[in-house]
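To be precise, the following lines are coords_21.txt, and they hold compact mmCIF, C-alpha atoms.
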# COMPACT_ATOMS: atom_id res chain seq x y z
CA MET A 1 -63.64 -47.44 52.91
CA ASN A 2 -61.27 -44.88 54.44
CA SER A 3 -58.53 -45.77 51.99
CA SER A 4 -60.82 -45.21 49.01
CA SER A 5 -61.88 -41.80 50.36
CA ASP A 6 -58.23 -40.89 50.90
CA VAL A 7 -57.46 -41.89 47.32
CA ASN A 8 -60.34 -39.76 46.03
CA HIS A 9 -59.23 -36.83 48.19
CA SER A 10 -55.65 -37.07 46.96
CA SER A 11 -56.69 -37.44 43.35
CA SER A 12 -59.12 -34.50 43.49
CA PRO A 13 -57.93 -31.29 41.86
CA PRO A 14 -56.31 -28.78 44.23
CA PHE A 15 -58.56 -26.11 45.67
CA CYS A 16 -57.58 -22.68 44.42
CA LEU A 17 -59.54 -19.58 45.29
CA LEU A 18 -58.94 -18.05 41.85
CA GLY A 19 -60.10 -21.27 40.22
CA THR A 20 -63.49 -21.08 41.96
CA ALA A 21 -64.10 -17.69 40.33
CA GLY A 22 -64.12 -19.19 36.86
CA TYR A 23 -60.41 -19.02 36.12
CA SER A 24 -58.38 -22.04 35.15
CA ARG A 25 -58.08 -24.58 37.95
CA SER A 26 -54.80 -25.80 36.57
CA LEU A 27 -51.59 -26.03 38.54
CA ASP A 28 -50.57 -22.57 37.29
CA THR A 29 -53.39 -20.93 39.28
CA CYS A 30 -52.31 -22.63 42.49
CA VAL A 31 -48.68 -21.72 41.83
CA LEU A 32 -49.71 -18.07 41.40
CA GLU A 33 -51.55 -18.07 44.73
CA VAL A 34 -48.65 -19.77 46.51
CA ALA A 35 -46.16 -17.33 44.95
CA VAL A 36 -48.17 -14.27 46.07
CA ILE A 37 -48.65 -15.58 49.61
CA LEU A 38 -45.06 -16.77 50.04
CA PHE A 39 -43.71 -13.48 48.66
CA LEU A 40 -45.78 -11.46 51.14
CA THR A 41 -44.87 -13.87 53.96
CA VAL A 42 -41.14 -13.44 53.38
CA LEU A 43 -41.45 -9.64 53.16
CA ILE A 44 -43.55 -9.41 56.33
CA ILE A 45 -41.30 -11.66 58.41
CA ALA A 46 -38.07 -10.05 57.21
CA GLY A 47 -39.36 -6.47 57.48
CA ASN A 48 -40.68 -6.83 61.02
CA LEU A 49 -37.61 -8.69 62.22
CA VAL A 50 -35.61 -5.69 60.98
CA VAL A 51 -37.90 -3.28 62.88
CA ILE A 52 -37.58 -5.30 66.10
CA PHE A 53 -33.79 -5.58 65.88
CA VAL A 54 -33.35 -1.90 64.97
CA PHE A 55 -35.35 -0.86 68.05
CA HIS A 56 -32.95 -2.93 70.14
CA CYS A 57 -29.92 -1.39 68.39
CA ALA A 58 -31.10 2.25 68.52
CA PRO A 59 -31.81 3.44 72.10
CA LEU A 60 -32.83 6.88 70.82
CA LEU A 61 -35.98 5.31 69.34
CA HIS A 62 -37.16 4.68 72.91
CA HIS A 63 -37.29 8.43 73.57
CA HIS A 64 -41.02 8.44 72.74
CA THR A 65 -43.51 6.23 74.57
CA THR A 66 -45.06 5.45 71.19
CA SER A 67 -42.07 3.17 70.53
CA HIS A 68 -43.72 0.58 72.81
CA PHE A 69 -46.86 0.60 70.65
CA ILE A 70 -44.78 0.43 67.48
CA GLN A 71 -42.88 -2.56 68.83
CA THR A 72 -46.23 -4.16 69.74
CA MET A 73 -47.33 -3.67 66.13
CA ALA A 74 -44.04 -5.14 64.89
CA TYR A 75 -44.48 -8.28 67.00
CA ALA A 76 -48.12 -8.61 65.90
CA ASP A 77 -47.17 -8.15 62.23
CA LEU A 78 -44.35 -10.67 62.63
CA LEU A 79 -46.87 -13.21 63.93
CA VAL A 80 -49.08 -12.37 60.93
CA GLY A 81 -46.18 -13.29 58.65
CA VAL A 82 -45.51 -16.53 60.53
CA SER A 83 -49.21 -17.47 60.46
CA CYS A 84 -49.28 -16.84 56.70
CA LEU A 85 -47.13 -19.96 56.35
CA VAL A 86 -50.31 -21.94 57.13
CA PRO A 87 -52.15 -21.17 53.84
CA SER A 88 -48.89 -21.58 51.93
CA LEU A 89 -48.36 -25.05 53.37
CA SER A 90 -52.03 -25.84 52.73
CA LEU A 91 -51.75 -24.92 49.05
CA LEU A 92 -48.60 -27.04 48.85
CA HIS A 93 -50.58 -29.95 50.36
CA TYR A 94 -48.53 -30.30 53.55
CA LEU A 95 -51.54 -29.93 55.89
CA ARG A 96 -53.81 -32.69 54.61
CA GLY A 97 -53.84 -34.52 57.93
CA LEU A 98 -55.29 -31.58 59.85
CA ASP A 99 -58.96 -30.80 60.39
CA GLU A 100 -59.68 -28.23 57.69
CA GLU A 101 -62.53 -26.54 59.56
CA LEU A 102 -60.53 -26.11 62.77
CA THR A 103 -57.38 -25.00 60.90
CA CYS A 104 -59.36 -22.53 58.84
CA LYS A 105 -61.11 -21.04 61.89
CA ALA A 106 -57.91 -20.83 63.91
CA PHE A 107 -56.00 -19.11 61.09
CA GLY A 108 -58.81 -16.62 60.36
CA TYR A 109 -59.22 -15.84 64.05
CA MET A 110 -55.48 -15.41 64.64
CA VAL A 111 -54.93 -13.02 61.73
CA SER A 112 -58.03 -11.00 62.67
CA VAL A 113 -56.82 -10.64 66.25
CA LEU A 114 -53.30 -9.63 65.19
CA LYS A 115 -54.56 -7.00 62.75
CA SER A 116 -56.93 -5.73 65.43
CA VAL A 117 -53.90 -5.26 67.68
CA SER A 118 -52.25 -3.15 64.97
CA MET A 119 -55.40 -1.07 64.45
CA ALA A 120 -55.88 -0.47 68.19
CA SER A 121 -52.16 0.35 68.60
CA LEU A 122 -52.40 3.01 65.88
CA ALA A 123 -55.37 4.55 67.69
CA CYS A 124 -53.43 4.55 70.99
CA ILE A 125 -50.43 6.14 69.27
CA SER A 126 -52.62 8.97 68.00
CA VAL A 127 -54.07 9.50 71.49
CA ASP A 128 -50.55 9.49 72.98
CA ARG A 129 -49.35 12.17 70.52
CA TYR A 130 -52.53 14.18 71.14
CA ILE A 131 -51.86 14.21 74.89
CA ALA A 132 -48.18 15.05 74.33
CA ILE A 133 -49.04 18.11 72.23
CA THR A 134 -52.14 19.36 74.06
CA ARG A 135 -50.88 18.70 77.62
CA PRO A 136 -47.09 18.78 77.49
CA LEU A 137 -46.62 19.79 81.14
CA SER A 138 -48.78 17.01 82.58
CA TYR A 139 -47.84 14.37 79.97
CA ALA A 140 -45.33 12.58 82.21
CA THR A 141 -47.89 12.17 84.96
CA LEU A 142 -50.69 11.08 82.61
CA VAL A 143 -48.68 8.59 80.51
CA THR A 144 -46.76 6.46 83.00
CA PRO A 145 -44.93 3.19 82.25
CA CYS A 146 -47.46 1.27 84.34
CA ARG A 147 -50.41 2.71 82.39
CA LEU A 148 -48.58 2.09 79.14
CA ARG A 149 -48.09 -1.60 79.93
CA ALA A 150 -51.71 -1.91 81.08
CA CYS A 151 -52.87 -0.32 77.81
CA ILE A 152 -50.85 -2.78 75.72
CA VAL A 153 -52.24 -5.75 77.69
CA LEU A 154 -55.75 -4.35 77.26
CA ILE A 155 -55.22 -4.08 73.50
CA TRP A 156 -54.31 -7.78 73.25
CA VAL A 157 -57.16 -8.93 75.52
CA TYR A 158 -59.77 -6.77 73.77
CA SER A 159 -58.62 -7.93 70.32
CA ALA A 160 -58.79 -11.57 71.40
CA LEU A 161 -62.28 -11.21 72.89
CA ILE A 162 -63.94 -9.19 70.15
CA PHE A 163 -63.45 -11.92 67.51
CA LEU A 164 -64.16 -14.83 69.85
CA PRO A 165 -67.91 -15.09 68.99
CA SER A 166 -66.97 -16.24 65.49
CA PHE A 167 -65.77 -19.51 67.02
CA PHE A 168 -69.25 -20.12 68.41
CA GLY A 169 -71.02 -19.82 65.07
CA TRP A 170 -71.77 -16.09 65.03
CA GLY A 171 -70.45 -14.84 61.72
CA LYS A 172 -67.06 -14.86 60.07
CA PRO A 173 -64.18 -12.57 61.17
CA GLY A 174 -62.71 -12.13 57.70
CA TYR A 175 -61.57 -13.82 54.51
CA HIS A 176 -58.05 -14.72 55.58
CA GLY A 177 -58.95 -18.41 55.80
CA ASP A 178 -60.67 -18.61 52.41
CA ILE A 179 -57.58 -20.35 51.06
CA PHE A 180 -59.21 -23.42 52.65
CA ARG A 181 -62.18 -24.95 50.86
CA TRP A 182 -64.35 -25.08 54.00
CA CYS A 183 -63.82 -21.40 54.82
CA ALA A 184 -64.61 -20.27 51.27
CA ALA A 185 -67.70 -22.47 50.83
CA SER A 186 -69.22 -23.13 54.25
CA TRP A 187 -68.24 -20.28 56.57
CA GLN A 188 -70.57 -17.40 55.79
CA THR A 189 -70.48 -13.83 57.04
CA SER A 190 -73.25 -12.49 59.24
CA PRO A 191 -74.64 -8.94 59.00
CA GLY A 192 -75.03 -8.85 62.78
CA PHE A 193 -71.45 -9.89 63.50
CA SER A 194 -70.06 -7.56 60.82
CA THR A 195 -71.98 -4.65 62.35
CA PHE A 196 -70.66 -5.71 65.76
CA ILE A 197 -67.03 -5.61 64.51
CA VAL A 198 -67.49 -2.27 62.77
CA ALA A 199 -69.18 -0.69 65.81
CA LEU A 200 -66.66 -1.95 68.37
CA LEU A 201 -63.41 -1.86 66.39
CA TYR A 202 -63.26 -0.30 62.91
CA ALA A 203 -65.37 2.81 63.54
CA PRO A 204 -63.95 3.78 66.99
CA ALA A 205 -60.36 3.31 65.80
CA ALA A 206 -60.90 5.34 62.61
CA LEU A 207 -62.78 8.14 64.39
CA THR A 208 -60.13 8.34 67.11
CA VAL A 209 -57.35 8.63 64.54
CA CYS A 210 -59.21 11.27 62.51
CA PHE A 211 -60.02 13.39 65.58
CA THR A 212 -56.57 13.24 67.20
CA TYR A 213 -54.47 13.85 64.11
CA GLY A 214 -56.87 16.52 62.89
CA SER A 215 -56.52 18.28 66.24
CA ILE A 216 -52.73 17.82 66.25
CA PHE A 217 -52.21 19.40 62.83
CA ARG A 218 -54.68 22.18 63.62
CA ILE A 219 -52.75 23.02 66.79
CA CYS A 220 -49.43 22.87 64.94
CA ARG A 221 -50.71 25.27 62.27
CA GLN A 222 -52.02 27.60 64.95
CA HIS A 223 -48.68 27.57 66.80
CA THR A 224 -46.77 28.15 63.57
CA ARG A 225 -49.00 31.10 62.68
CA GLU A 226 -48.58 32.62 66.15
CA ILE A 227 -44.81 32.17 66.02
CA THR A 228 -44.64 33.73 62.56
CA GLN A 229 -46.68 36.73 63.69
CA ARG A 230 -44.55 37.13 66.80
CA HIS A 231 -41.38 36.88 64.73
CA ALA A 232 -42.60 39.56 62.34
CA ARG A 233 -43.54 41.82 65.27
CA PHE A 234 -40.28 41.51 67.19
CA SER A 235 -37.84 40.76 64.38
CA SER A 236 -35.80 43.84 65.23
CA GLN A 237 -34.98 42.53 68.70
CA ALA A 238 -32.09 40.10 68.78
CA ASP A 239 -33.22 38.44 71.98
CA GLY A 240 -36.64 37.91 70.52
CA GLU A 241 -35.11 36.22 67.52
CA LYS A 242 -33.13 33.84 69.71
CA GLY A 243 -36.21 32.97 71.70
CA GLU A 244 -38.11 32.52 68.46
CA ARG A 245 -35.55 30.05 67.12
CA GLY A 246 -35.79 28.11 70.35
CA GLU A 247 -39.59 27.93 70.06
CA ARG A 248 -39.37 26.78 66.46
CA CYS A 249 -36.82 24.10 67.22
CA GLU A 250 -38.89 22.95 70.17
CA GLY A 251 -41.97 22.38 68.03
CA CYS A 252 -40.24 20.79 65.05
CA PRO A 253 -39.42 17.33 66.48
CA ASP A 254 -42.96 16.65 67.70
CA LYS A 255 -44.44 17.75 64.40
CA ARG A 256 -42.01 15.67 62.34
CA TYR A 257 -42.57 12.61 64.52
CA ALA A 258 -46.35 13.09 64.29
CA MET A 259 -46.01 13.21 60.49
CA VAL A 260 -44.15 9.87 60.47
CA LEU A 261 -46.86 8.28 62.59
CA PHE A 262 -49.56 9.86 60.43
CA ARG A 263 -47.99 8.34 57.31
CA ILE A 264 -48.00 4.89 58.93
CA THR A 265 -51.65 5.30 59.92
CA SER A 266 -52.65 6.61 56.49
CA VAL A 267 -50.99 3.71 54.67
CA PHE A 268 -52.68 1.28 57.06
CA TYR A 269 -56.16 2.60 56.31
CA VAL A 270 -55.52 3.01 52.57
CA LEU A 271 -54.57 -0.67 52.31
CA TRP A 272 -57.35 -1.83 54.62
CA MET A 273 -60.20 0.30 53.25
CA PRO A 274 -60.91 -1.94 50.19
CA TYR A 275 -61.06 -4.97 52.50
CA ILE A 276 -63.42 -3.25 54.96
CA LEU A 277 -65.70 -2.06 52.15
CA TYR A 278 -65.82 -5.55 50.61
CA PHE A 279 -66.45 -7.05 54.05
CA LEU A 280 -69.47 -4.78 54.53
CA LEU A 281 -70.83 -5.32 51.01
CA GLU A 282 -70.46 -9.09 51.19
CA SER A 283 -72.00 -9.25 54.67
CA ALA A 284 -75.01 -7.28 53.43
CA GLY A 285 -75.39 -9.62 50.45
CA LEU A 286 -74.78 -6.85 47.91
CA TYR A 287 -71.59 -8.16 46.29
CA ARG A 288 -69.58 -11.37 46.42
CA HIS A 289 -66.60 -12.31 44.26
CA MET A 290 -63.77 -14.69 45.12
CA VAL A 291 -61.08 -12.69 43.30
CA ALA A 292 -62.13 -9.48 45.09
CA SER A 293 -62.01 -11.37 48.37
CA PHE A 294 -58.50 -12.70 47.64
CA LEU A 295 -57.09 -9.37 46.41
CA THR A 296 -58.54 -7.17 49.17
CA THR A 297 -57.55 -9.64 51.90
CA TRP A 298 -53.91 -9.96 50.86
CA LEU A 299 -53.67 -6.26 50.05
CA ALA A 300 -54.67 -5.59 53.66
CA ILE A 301 -52.23 -8.20 54.98
CA SER A 302 -49.42 -6.62 52.93
CA ASN A 303 -49.66 -3.61 55.26
CA SER A 304 -47.73 -5.67 57.82
CA PHE A 305 -44.59 -5.01 55.76
CA CYS A 306 -45.14 -1.28 55.21
CA ASN A 307 -44.10 -0.02 58.66
CA CYS A 308 -40.47 -0.98 58.07
CA LEU A 309 -40.47 0.77 54.69
CA ILE A 310 -42.08 3.95 56.04
CA TYR A 311 -39.69 4.14 58.99
CA SER A 312 -36.63 3.65 56.81
CA LEU A 313 -37.79 6.47 54.50
CA SER A 314 -39.06 8.91 57.15
CA ASN A 315 -37.08 8.50 60.36
CA SER A 316 -33.41 9.44 60.43
CA VAL A 317 -32.87 7.77 63.83
CA PHE A 318 -34.30 4.53 62.45
CA ARG A 319 -31.97 4.77 59.45
CA LYS A 320 -29.00 5.17 61.79
CA GLY A 321 -30.12 2.14 63.76
CA LEU A 322 -30.56 0.25 60.51
CA GLY A 323 -27.01 1.15 59.50
CA ARG A 324 -25.72 0.02 62.88
CA LEU A 325 -27.61 -3.27 62.51
CA PHE A 326 -26.09 -4.04 59.12
CA SER A 327 -22.65 -2.54 59.84
CA PRO A 328 -21.09 -5.99 60.59
CA LEU A 329 -22.06 -7.08 57.07
CA PHE A 330 -20.45 -4.00 55.47
CA PRO A 331 -17.47 -3.05 57.69
CA SER A 332 -15.59 -1.44 54.82
CA CYS A 333 -18.45 0.99 54.15
CA LEU A 334 -18.70 1.82 57.85
CA GLY A 335 -14.95 2.50 57.95
CA CYS A 336 -15.24 4.80 54.98
CA THR A 337 -17.99 6.87 56.59
CA GLU A 338 -16.09 7.10 59.86
CA ALA A 339 -12.94 8.17 58.00
CA LYS A 340 -14.89 10.94 56.28
CA LYS A 341 -16.30 12.41 59.50
CA PRO A 342 -13.10 14.25 60.65
CA ALA A 343 -12.72 15.77 57.20
CA LEU A 344 -16.25 17.15 57.38
CA THR A 345 -15.69 18.67 60.79

Before we go any further, please render this structure as structure tokens.
Amino acid sequence: MNSSSDVNHSSSPPFCLLGTAGYSRSLDTCVLEVAVILFLTVLIIAGNLVVIFVFHCAPLLHHHTTSHFIQTMAYADLLVGVSCLVPSLSLLHYLRGLDEELTCKAFGYMVSVLKSVSMASLACISVDRYIAITRPLSYATLVTPCRLRACIVLIWVYSALIFLPSFFGWGKPGYHGDIFRWCAASWQTSPGFSTFIVALLYAPAALTVCFTYGSIFRICRQHTREITQRHARFSSQADGEKGERGERCEGCPDKRYAMVLFRITSVFYVLWMPYILYFLLESAGLYRHMVASFLTTWLAISNSFCNCLIYSLSNSVFRKGLGRLFSPLFPSCLGCTEAKKPALT
């Protein structure tokens, strides 16, 4: 009896999320899904490994306490990439011996927790920059290494607990596991649990980020305006000009670093907003479509690769660390740049 069921299971057509939406359930559809997921998996793993190694190669990146939160995000995003191997192996039929319901729940829970860590870390980064700019004199006493480590531990514990009720039958944490047939067909969202997640995670994180960065840029504009007015008033005094240059240079690094962090946060929410909107609409029973679920979910997961790209484009210290990391692979290029330095000086 078991052998006949195994034969029927092996001879049944492969489950493809795009195929359930009315598209062709041929092998090409499954290959497309596997290609998309594997491509994102490779990018996420490679990108976050680069971020982690660059932070170890560039000590100057540890100048800000936010580097600890960024490294936390990098480790969480790296685990997202590793966990994305699960749906890839499932689509390639390497996980047939596992319990589909348990595998689906574990994968959906793990990805939800890891992305919650990233979201909470971004909120903590914004609070850290807000304290650094609004209370620069007392910053060192407010943000201590012990409190920083406690905050990171709290982020992981809170993220793990907030999605735990989904394991006990209260709602669905997301659509990451819908690659599995059981998750797509049998695991339904709950309006109560979705409201719970929005109220305790999505809304507080988004409001915190909006308030802190809004306040930061408002303060920076105010300081710039005051400095400009002071410069215009005392431009004839040489000492005043020197002091003015010092004030400008003092404010520039914090503002530039805040802009880098703001770009990372903005990209995160831009990529996650379609997923959150679909999550709310589907939970309320207003809209449900498998292709929309697939596209919004993997668009949100693709954010795990973006931090490396944003850092490499926005942060000169990160680019130097990146060059130092890859210098053993291109020693001739490194020798050329070092040979040019005396000529420039």

Would you list the contacts of A:Asp128 as a tab-separated table (two decimals) with C-alpha atoms, in the coordinates of the input, taking every protein, DNA or RNA residue within 8 Å and counting all atoms listed in the file, but skipping same-chain residues closer than 3 positions in sequence?
chain	number	residue	atom	x	y	z
A	65	THR	CA	-43.51	6.23	74.57
A	66	THR	CA	-45.06	5.45	71.19
A	124	CYS	CA	-53.43	4.55	70.99
A	125	ILE	CA	-50.43	6.14	69.27
A	131	ILE	CA	-51.86	14.21	74.89
A	132	ALA	CA	-48.18	15.05	74.33
A	143	VAL	CA	-48.68	8.59	80.51

Q) Between A:Ala199, A:Leu286, A:Val260, A:Val127, which has the minimum distance to A:Leu142 (counting all atoms listed in the file)? A)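 Selected residue with least distance to A:Leu142: A:Val127.
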
Q: Point out the residue among A:Met110, A:Leu261, A:Ile276, A:Val80 with the least atom-to-atom distance to A:Asn307, counting all atoms listed in the file.
A: A:Leu261

Q. Between A:Gly285, A:Gly323, A:Gly81, A:Pro173, which one has atoms that come closest to A:Trp187, using all atoms listed in the file?
A.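 Smallest separation from A:Trp187 among the options: A:Pro173.
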
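Using only C-alpha atoms for every distance, the candidate list A:Ile45, A:Val31, A:Val157, A:Leu148 yields A:Leu148 as the residue closest to A:His64.
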
Q: Find the spatial neighbours of A:Gly169, counting all atoms listed in the file, within a cut-off of 12 Å - ignore same-chain residues fewer than 2 positions away - and output them as number ranges by chain.
A: A: 105, 163-167, 171-173, 186-190, 192-193

Q: To one decimal in Å, tell me the separation between atom CA of A:Leu85 and atom CA of A:Met290.
A: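 One can read the atom CA of A:Leu85 to atom CA of A:Met290 distance as 20.8 Å.
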
(Q) I need the residue nearest A:Ala300 from this list: A:Cys57, A:Leu89, A:Met119, A:Val153. Use all atoms listed in the file for the distance. (A)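 Among the listed residues, A:Met119 lies closest to A:Ala300.
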
Q: Figure out the distance between atom CA of A:Phe69 and atom CA of A:Ser121, please, to one decimal in Å.
A: 5.7 Å

Q) Pick from A:Leu280, A:Glu33, A:Ser194, A:Thr265: nearest to A:Val209, with only C-alpha atoms counted? A)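 Among the listed residues, the smallest separation from A:Val209 belongs to A:Thr265.
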
Q.
So the first atom is atom CA of A:Leu201 and the second is atom CA of A:Val113; what is the distance between them in Å, to one decimal place?
A.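 A separation of 11.0 Å between them.
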
Add whatever atoms are absent from stretch 31-49 of chain A to reach N, CA and C atoms, and provide the output as an mmCIF file, in the frame of the given file.
data_model
loop_
_atom_site.group_PDB
_atom_site.id
_atom_site.type_symbol
_atom_site.label_atom_id
_atom_site.label_comp_id
_atom_site.auth_asym_id
_atom_site.auth_seq_id
_atom_site.Cartn_x
_atom_site.Cartn_y
_atom_site.Cartn_z
ATOM 1 N N VAL A 31 -50.049 -22.229 41.716
ATOM 2 C CA VAL A 31 -48.680 -21.720 41.830
ATOM 3 C C VAL A 31 -48.697 -20.208 41.993
ATOM 4 N N LEU A 32 -49.588 -19.529 41.273
ATOM 5 C CA LEU A 32 -49.710 -18.070 41.400
ATOM 6 C C LEU A 32 -50.124 -17.684 42.813
ATOM 7 N N GLU A 33 -51.119 -18.381 43.369
ATOM 8 C CA GLU A 33 -51.550 -18.070 44.730
ATOM 9 C C GLU A 33 -50.443 -18.326 45.737
ATOM 10 N N VAL A 34 -49.757 -19.452 45.593
ATOM 11 C CA VAL A 34 -48.650 -19.770 46.510
ATOM 12 C C VAL A 34 -47.547 -18.731 46.393
ATOM 13 N N ALA A 35 -47.236 -18.309 45.155
ATOM 14 C CA ALA A 35 -46.160 -17.330 44.950
ATOM 15 C C ALA A 35 -46.506 -15.999 45.613
ATOM 16 N N VAL A 36 -47.755 -15.537 45.461
ATOM 17 C CA VAL A 36 -48.170 -14.270 46.070
ATOM 18 C C VAL A 36 -48.086 -14.352 47.587
ATOM 19 N N ILE A 37 -48.616 -15.446 48.150
ATOM 20 C CA ILE A 37 -48.650 -15.580 49.610
ATOM 21 C C ILE A 37 -47.253 -15.749 50.181
ATOM 22 N N LEU A 38 -46.425 -16.572 49.542
ATOM 23 C CA LEU A 38 -45.060 -16.770 50.040
ATOM 24 C C LEU A 38 -44.237 -15.489 49.930
ATOM 25 N N PHE A 39 -44.438 -14.734 48.836
ATOM 26 C CA PHE A 39 -43.710 -13.480 48.660
ATOM 27 C C PHE A 39 -44.054 -12.501 49.782
ATOM 28 N N LEU A 40 -45.361 -12.352 50.067
ATOM 29 C CA LEU A 40 -45.780 -11.460 51.140
ATOM 30 C C LEU A 40 -45.295 -11.975 52.497
ATOM 31 N N THR A 41 -45.317 -13.293 52.684
ATOM 32 C CA THR A 41 -44.870 -13.870 53.960
ATOM 33 C C THR A 41 -43.414 -13.546 54.224
ATOM 34 N N VAL A 42 -42.567 -13.722 53.222
ATOM 35 C CA VAL A 42 -41.140 -13.440 53.380
ATOM 36 C C VAL A 42 -40.909 -11.953 53.662
ATOM 37 N N LEU A 43 -41.596 -11.079 52.934
ATOM 38 C CA LEU A 43 -41.450 -9.640 53.160
ATOM 39 C C LEU A 43 -41.890 -9.243 54.565
ATOM 40 N N ILE A 44 -43.026 -9.781 55.020
ATOM 41 C CA ILE A 44 -43.550 -9.410 56.330
ATOM 42 C C ILE A 44 -42.627 -9.879 57.446
ATOM 43 N N ILE A 45 -42.174 -11.128 57.367
ATOM 44 C CA ILE A 45 -41.300 -11.660 58.410
ATOM 45 C C ILE A 45 -39.976 -10.902 58.433
ATOM 46 N N ALA A 46 -39.366 -10.730 57.267
ATOM 47 C CA ALA A 46 -38.070 -10.050 57.210
ATOM 48 C C ALA A 46 -38.185 -8.587 57.647
ATOM 49 N N GLY A 47 -39.203 -7.891 57.156
ATOM 50 C CA GLY A 47 -39.360 -6.470 57.480
ATOM 51 C C GLY A 47 -39.570 -6.239 58.965
ATOM 52 N N ASN A 48 -40.405 -7.052 59.602
ATOM 53 C CA ASN A 48 -40.680 -6.830 61.020
ATOM 54 C C ASN A 48 -39.558 -7.320 61.914
ATOM 55 N N LEU A 49 -38.817 -8.322 61.480
ATOM 56 C CA LEU A 49 -37.610 -8.690 62.220
ATOM 57 C C LEU A 49 -36.600 -7.537 62.209
#
